[in-house]
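One structure is given below, encoded as structure tokens.
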Amino acid sequence: MSLVCKPRVFLNKALSSIRSLNSMPKRSFSDVESRDGSNSNSYESKFSATTLFLARTASLGYILANCSLQLPYHLRNEVMSSTKTKDEEYDIAIVGGGMVGLALACGLASMQLTKELSVAIIDNNPALISSEHYKKHGVPYPRVSTVTPATLSFFKEVGAWKYIEQQRHAYFDQMQVWDYSGLGYTRYHARDVGNEYLGCVVENMVLCDALLSCLQNLDFQMSIHNARITSMKFPSPFTSTTTSKEQMRLKGDSSGFASSGYTVEPIHNGSFVKLGLSNAKNIYAKLVVGADGAKSHVREKAGLNTTGWNYRQNAVICTVEHSVENHCAWQRFLPSGPIALLPIGDKFSNIVWTMSPEESLTHKTMSRDSFVMSVNFALDYGYGSHPQSSFLDEFVHRISSISGHGTASMAEPFQVPPEVTDVVSERMTFPLSLMHAREYASERVVLIGDAAHAVHPLAGQGVNLGFGDAATLSKVIDEGLQVGADIGELSLLKKYEKERKAVNLTMMAVLDGFQKAYSMDFGPLNFLRAAAFHSCQFIAPLKRNILSYAMGEQKWPLFTWETNNGERNS
């Protein structure tokens, strides 16, 4: 008999035993005592009920021990579920109900097979269970994200973008980047790559609310636990040949759980992780997704190590107001770090300003008028003169125009950002660092978003990397279900890790290189930076390549060019 057929025989025999047991008269333990209180047949009734219970349990154990790996996914799910109450058990537990965690839930809800899974979202943020949705008000919240076209396409696919369109958001089709020395600048335009926009700036609260609204309007088995995790205990790695006494001896805890560290539990044939919550509840999940940020508890409890460093810089963020509406994203590299001015709709913009921790404290506590003056100084006339086009620039522009490889933004001169007239929100600060998990996945645990990687905010790519993680993981899980795979199996999760780690590490290297190159005020290096700006401004293929990569439409920062018939080559 083949190895594939043998478990099926076990299954058929076990199911036959269960069917025969089900045909026996059933009597619950509560019905053993007669209504009038007599117990003349209590011993016989208890013996019969106990025998029935043990027989059913033994048959179920026989199935789990011999057939669980060979069962089709839907049947395996039904058998496993019979050992725990439904309200405690889920296919996937997403720890972290922020933007990336909710995006993963939306991705799962939108796919053919994953939409049938049961999902728990664990987060102690009360907004997740509030009946009130975010409402557009006068002043935008200072925490915003720049959504790339690739992320925007993902939001449309899962059905969340229509909710964002009902709230405040700001598309931008132009971007200008320049150096404080006045030696070079680069302007980008969506028309350079044939797009209508380069990105869209959205408040983080709007993103979360839109994703939550999307989930609430989908036919999807989702539960929100308004709590935080306090413990995470893993299934037993013991094989079926290990006896119960040996398992208890190795664990040293009669409760069935180890007391600390990488704990294990010999239940569900190694299929579920037990999560203890701060509200004293326990839930079980076949896969735990850590979407709980850079200080991830899931990553810590799973023993997944990280590497990285602090930049010794802080970011100051706030909302400012103009006298005119802003439609361009601006970024200037200063000696202490870049300052970005991002449109957020109406006459508001968002400031993301990188500086030393000491300077950030000063700028957070200074008066409003002093802060406004400092922002305008940094974005306009401070540190150096405005960049000017040179004779060489004009020559390169003419050659590019003649050859047919010019871009729409190539002829655009340097422009001064709109003047800031007021700061209209609180000023918030947070430290900047680079962090990367050496592994994104272990058995029944996987990391996404900032739990797996944290980057410098100078290009606004951090959350887009996280959304890319969510899109890829939901796709990998759906593909795994199509072939009957266990969604918590390490080999399946490693497929996600392999795809995303390469993409994330490449972007992290690019951003870290920019941060280091523009953190030094050194004469020869300043000229090299100016040359780089001029190259990006007047070499059309390079400009298109940079834009495609930043927009998420190209995975790798490889040099590409466009032929006259519109085809892209590399």
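Ligands are numbered from 1 in the order shown, chains are lettered A, B, ... in the order of the structure tokens, and residues start at 1 in each chain.
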
### Task
Tell me which protein, DNA and RNA residues are within 7 Å of Glu203 (chain A), counting only C-alpha atoms, leaving out same-chain ones fewer than 5 positions away, and put them as a list in words.
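In the requested form, the answer reads Tyr141, Arg143, Val144 and Ser145 of chain A.
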
Convert the current residue selection to file output with all heavy atoms, as a tab-separated table (two decimals), in the first residue's frame.
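Done, and the output landed in again_39.tsv:
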```tsv
chain	number	residue	atom	x	y	z
A	141	TYR	N	-4.74	66.13	10.13
A	141	TYR	CA	-3.89	65.52	11.15
A	141	TYR	C	-2.45	65.49	10.64
A	141	TYR	O	-2.21	65.24	9.45
A	141	TYR	CB	-4.40	64.11	11.45
A	141	TYR	CG	-3.79	63.45	12.65
A	141	TYR	CD1	-4.00	63.96	13.93
A	141	TYR	CD2	-3.01	62.31	12.52
A	141	TYR	CE1	-3.44	63.34	15.05
A	141	TYR	CE2	-2.45	61.68	13.62
A	141	TYR	CZ	-2.67	62.21	14.88
A	141	TYR	OH	-2.10	61.60	15.98
A	143	ARG	N	0.06	63.39	10.91
A	143	ARG	CA	0.65	62.12	10.45
A	143	ARG	C	0.00	61.73	9.12
A	143	ARG	O	-1.19	61.38	9.08
A	143	ARG	CB	0.47	61.02	11.49
A	143	ARG	CG	1.20	61.30	12.80
A	143	ARG	CD	1.20	60.08	13.70
A	143	ARG	NE	2.10	59.04	13.18
A	143	ARG	CZ	3.35	58.87	13.60
A	143	ARG	NH1	3.86	59.69	14.51
A	143	ARG	NH2	4.09	57.91	13.10
A	144	VAL	N	0.78	61.78	8.05
A	144	VAL	CA	0.28	61.48	6.71
A	144	VAL	C	1.19	60.45	6.04
A	144	VAL	O	2.31	60.18	6.50
A	144	VAL	CB	0.20	62.75	5.85
A	144	VAL	CG1	-0.64	63.82	6.52
A	144	VAL	CG2	1.59	63.29	5.51
A	145	SER	N	0.72	59.91	4.93
A	145	SER	CA	1.51	58.98	4.11
A	145	SER	C	1.41	59.40	2.65
A	145	SER	O	0.34	59.84	2.20
A	145	SER	CB	1.02	57.55	4.27
A	145	SER	OG	1.22	57.07	5.59
```

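From CA of Ala315 (chain A) back to CA of Ile339 (chain A), the distance works out to 9.2 Å.
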
### Task
Identify all residues of region 399-541 of chain A in strand (DSSP E) (DSSP on the backbone) and supply them as a PyMOL selection string.
chain A and resi 420-423+428-437+441-442+445-447+453-454

May I have the selected residues written with N, CA, C and O atoms, as a compact mmCIF listing (two decimals), in the first residue's frame?
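As a result, out.txt now contains:
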```
# COMPACT_ATOMS: atom_id res chain seq x y z
N VAL A 420 4.81 79.56 3.57
CA VAL A 420 4.02 79.08 4.71
C VAL A 420 3.57 80.28 5.52
O VAL A 420 4.38 81.13 5.88
N THR A 421 2.26 80.36 5.79
CA THR A 421 1.72 81.50 6.53
C THR A 421 1.41 81.18 7.99
O THR A 421 1.36 82.08 8.82
N ASP A 422 1.22 79.87 8.29
CA ASP A 422 0.87 79.54 9.68
C ASP A 422 1.10 78.04 9.90
O ASP A 422 1.05 77.24 8.96
N VAL A 423 1.36 77.67 11.15
CA VAL A 423 1.39 76.27 11.54
C VAL A 423 0.10 76.01 12.31
O VAL A 423 -0.21 76.71 13.27
N MET A 428 4.94 67.36 16.21
CA MET A 428 5.27 66.05 16.76
C MET A 428 6.69 65.68 16.34
O MET A 428 7.13 66.04 15.24
N THR A 429 7.39 64.95 17.20
CA THR A 429 8.74 64.50 16.88
C THR A 429 8.87 63.00 17.15
O THR A 429 8.21 62.47 18.05
N PHE A 430 9.72 62.34 16.37
CA PHE A 430 10.02 60.94 16.62
C PHE A 430 11.41 60.63 16.09
O PHE A 430 11.86 61.22 15.10
N PRO A 431 12.12 59.73 16.75
CA PRO A 431 13.49 59.39 16.34
C PRO A 431 13.50 58.56 15.07
O PRO A 431 12.56 57.82 14.78
N LEU A 432 14.61 58.66 14.32
CA LEU A 432 14.74 57.94 13.05
C LEU A 432 15.79 56.85 13.16
O LEU A 432 16.83 57.03 13.79
N SER A 433 15.50 55.73 12.55
CA SER A 433 16.43 54.60 12.60
C SER A 433 16.21 53.71 11.40
O SER A 433 15.20 53.83 10.68
N LEU A 434 17.15 52.81 11.18
CA LEU A 434 17.01 51.76 10.18
C LEU A 434 16.98 50.43 10.91
O LEU A 434 17.80 50.19 11.79
N MET A 435 16.03 49.58 10.57
CA MET A 435 15.90 48.27 11.21
C MET A 435 15.44 47.26 10.18
O MET A 435 14.57 47.56 9.35
N HIS A 436 16.02 46.08 10.24
CA HIS A 436 15.59 45.01 9.32
C HIS A 436 15.66 43.68 10.05
O HIS A 436 16.66 43.36 10.68
N ALA A 437 14.57 42.93 9.97
CA ALA A 437 14.54 41.58 10.57
C ALA A 437 15.35 40.62 9.69
O ALA A 437 15.19 40.61 8.47
N ALA A 441 9.99 35.23 8.67
CA ALA A 441 9.06 34.14 8.98
C ALA A 441 9.73 33.05 9.78
O ALA A 441 10.92 32.77 9.63
N SER A 442 8.95 32.45 10.66
CA SER A 442 9.28 31.19 11.32
C SER A 442 8.01 30.36 11.30
O SER A 442 6.99 30.80 10.77
N VAL A 445 4.51 31.94 12.16
CA VAL A 445 4.64 33.38 12.44
C VAL A 445 5.27 34.06 11.23
O VAL A 445 6.21 33.55 10.63
N VAL A 446 4.73 35.23 10.87
CA VAL A 446 5.30 36.00 9.77
C VAL A 446 5.19 37.49 10.10
O VAL A 446 4.26 37.91 10.80
N LEU A 447 6.14 38.28 9.63
CA LEU A 447 6.19 39.72 9.91
C LEU A 447 5.91 40.51 8.65
O LEU A 447 6.34 40.15 7.55
N HIS A 453 10.72 45.77 8.89
CA HIS A 453 11.70 46.73 8.37
C HIS A 453 11.24 48.16 8.66
O HIS A 453 10.07 48.49 8.59
N ALA A 454 12.18 49.00 9.01
CA ALA A 454 11.91 50.42 9.23
C ALA A 454 12.98 51.22 8.49
O ALA A 454 14.16 50.88 8.55
```

### Task
Would you return as a VMD selection string the members of region 102-145 of chain A that DSSP assigns to helix (DSSP H, G or I) on this structure's backbone?
chain A and resid 102 to 109 114 to 116 126 to 129

#### Entry: Contacts of Thr148 (chain A) within 9 Å, only C-alpha atoms, excl. fewer than 6 positions in-chain, as a PyMOL selection string
chain A and resi 198-201+461+464+550-553

For the selection just defined, write its residues with all heavy atoms to a file, as a PDB file, in the first residue's frame.
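Output below, filename out.pdb:
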```pdb
ATOM      1  N   LEU A 198       1.950  61.521  -9.625  1.00  0.00           N
ATOM      2  CA  LEU A 198       3.120  60.837  -9.077  1.00  0.00           C
ATOM      3  C   LEU A 198       2.784  60.116  -7.780  1.00  0.00           C
ATOM      4  O   LEU A 198       3.464  59.168  -7.389  1.00  0.00           O
ATOM      5  CB  LEU A 198       4.249  61.837  -8.820  1.00  0.00           C
ATOM      6  CG  LEU A 198       4.833  62.527 -10.051  1.00  0.00           C
ATOM      7  CD1 LEU A 198       5.864  63.580  -9.626  1.00  0.00           C
ATOM      8  CD2 LEU A 198       5.479  61.522 -10.985  1.00  0.00           C
ATOM      9  N   GLY A 199       1.764  60.593  -7.090  1.00  0.00           N
ATOM     10  CA  GLY A 199       1.369  59.996  -5.820  1.00  0.00           C
ATOM     11  C   GLY A 199       0.196  60.742  -5.239  1.00  0.00           C
ATOM     12  O   GLY A 199      -0.353  61.666  -5.845  1.00  0.00           O
ATOM     13  N   CYS A 200      -0.197  60.335  -4.050  1.00  0.00           N
ATOM     14  CA  CYS A 200      -1.319  60.963  -3.363  1.00  0.00           C
ATOM     15  C   CYS A 200      -1.009  60.995  -1.873  1.00  0.00           C
ATOM     16  O   CYS A 200      -0.613  59.981  -1.295  1.00  0.00           O
ATOM     17  CB  CYS A 200      -2.603  60.171  -3.615  1.00  0.00           C
ATOM     18  SG  CYS A 200      -4.095  60.929  -2.927  1.00  0.00           S
ATOM     19  N   VAL A 201      -1.168  62.161  -1.257  1.00  0.00           N
ATOM     20  CA  VAL A 201      -0.909  62.317   0.171  1.00  0.00           C
ATOM     21  C   VAL A 201      -2.230  62.150   0.923  1.00  0.00           C
ATOM     22  O   VAL A 201      -3.225  62.813   0.605  1.00  0.00           O
ATOM     23  CB  VAL A 201      -0.278  63.685   0.486  1.00  0.00           C
ATOM     24  CG1 VAL A 201       0.039  63.802   1.985  1.00  0.00           C
ATOM     25  CG2 VAL A 201       0.987  63.890  -0.338  1.00  0.00           C
ATOM     26  N   GLN A 461       8.726  56.180   1.575  1.00  0.00           N
ATOM     27  CA  GLN A 461       8.540  54.822   1.064  1.00  0.00           C
ATOM     28  C   GLN A 461       8.188  53.800   2.137  1.00  0.00           C
ATOM     29  O   GLN A 461       7.799  52.680   1.808  1.00  0.00           O
ATOM     30  CB  GLN A 461       9.817  54.370   0.343  1.00  0.00           C
ATOM     31  CG  GLN A 461      10.087  55.102  -0.946  1.00  0.00           C
ATOM     32  CD  GLN A 461       9.045  54.812  -2.020  1.00  0.00           C
ATOM     33  OE1 GLN A 461       8.469  53.739  -2.079  1.00  0.00           O
ATOM     34  NE2 GLN A 461       8.797  55.802  -2.863  1.00  0.00           N
ATOM     35  N   ASN A 464       4.662  52.299   2.096  1.00  0.00           N
ATOM     36  CA  ASN A 464       4.427  51.634   0.813  1.00  0.00           C
ATOM     37  C   ASN A 464       5.096  50.269   0.767  1.00  0.00           C
ATOM     38  O   ASN A 464       4.568  49.326   0.173  1.00  0.00           O
ATOM     39  CB  ASN A 464       4.921  52.520  -0.328  1.00  0.00           C
ATOM     40  CG  ASN A 464       4.068  53.757  -0.513  1.00  0.00           C
ATOM     41  OD1 ASN A 464       2.932  53.684  -0.957  1.00  0.00           O
ATOM     42  ND2 ASN A 464       4.606  54.907  -0.151  1.00  0.00           N
ATOM     43  N   ALA A 550      10.443  54.903  -7.844  1.00  0.00           N
ATOM     44  CA  ALA A 550       9.836  55.569  -6.688  1.00  0.00           C
ATOM     45  C   ALA A 550       8.326  55.374  -6.650  1.00  0.00           C
ATOM     46  O   ALA A 550       7.727  55.347  -5.571  1.00  0.00           O
ATOM     47  CB  ALA A 550      10.174  57.057  -6.713  1.00  0.00           C
ATOM     48  N   MET A 551       7.701  55.218  -7.817  1.00  0.00           N
ATOM     49  CA  MET A 551       6.254  55.044  -7.888  1.00  0.00           C
ATOM     50  C   MET A 551       5.827  53.603  -7.643  1.00  0.00           C
ATOM     51  O   MET A 551       4.636  53.310  -7.609  1.00  0.00           O
ATOM     52  CB  MET A 551       5.744  55.516  -9.249  1.00  0.00           C
ATOM     53  CG  MET A 551       5.890  57.020  -9.475  1.00  0.00           C
ATOM     54  SD  MET A 551       5.730  57.510 -11.213  1.00  0.00           S
ATOM     55  CE  MET A 551       4.042  57.039 -11.540  1.00  0.00           C
ATOM     56  N   GLY A 552       6.790  52.704  -7.497  1.00  0.00           N
ATOM     57  CA  GLY A 552       6.468  51.314  -7.244  1.00  0.00           C
ATOM     58  C   GLY A 552       6.114  50.522  -8.480  1.00  0.00           C
ATOM     59  O   GLY A 552       5.699  49.364  -8.390  1.00  0.00           O
ATOM     60  N   GLU A 553       6.294  51.105  -9.649  1.00  0.00           N
ATOM     61  CA  GLU A 553       5.964  50.419 -10.894  1.00  0.00           C
ATOM     62  C   GLU A 553       7.133  49.605 -11.428  1.00  0.00           C
ATOM     63  O   GLU A 553       6.998  48.887 -12.408  1.00  0.00           O
ATOM     64  CB  GLU A 553       5.501  51.437 -11.942  1.00  0.00           C
ATOM     65  CG  GLU A 553       4.227  52.169 -11.524  1.00  0.00           C
ATOM     66  CD  GLU A 553       3.771  53.196 -12.530  1.00  0.00           C
ATOM     67  OE1 GLU A 553       4.562  53.497 -13.466  1.00  0.00           O
ATOM     68  OE2 GLU A 553       2.653  53.708 -12.393  1.00  0.00           O
TER      69      GLU A 553
END
```

### Message
When you look at Ile344 (chain A) with a cut-off of 12 Å (counting only C-alpha atoms), what residues show up, excluding the ones that are within fewer than 4 positions of it in the same chain? I need them as a count of residues only.
### Response
37

### Message
Give me the residues near Ala340 (chain A) as a ChimeraX atom specification, where near means some atom within 6 Å (using only C-alpha atoms) and where sequence neighbours in that chain fewer than 5 positions away do not count.
### Response
/A:330-331,351-352

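Minimum atom-to-atom distances from A:Gln174, A:Thr151, A:Ser130, A:Ser336 to Ala470 (chain A) were compared using only C-alpha atoms, and the lowest value belongs to A:Thr151.
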
### Query
Quick one, how far is CA of Gly462 (chain A) from CA of Tyr185 (chain A)?
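Atom-to-atom, CA of Gly462 (chain A) to CA of Tyr185 (chain A), that is 24.1 Å.
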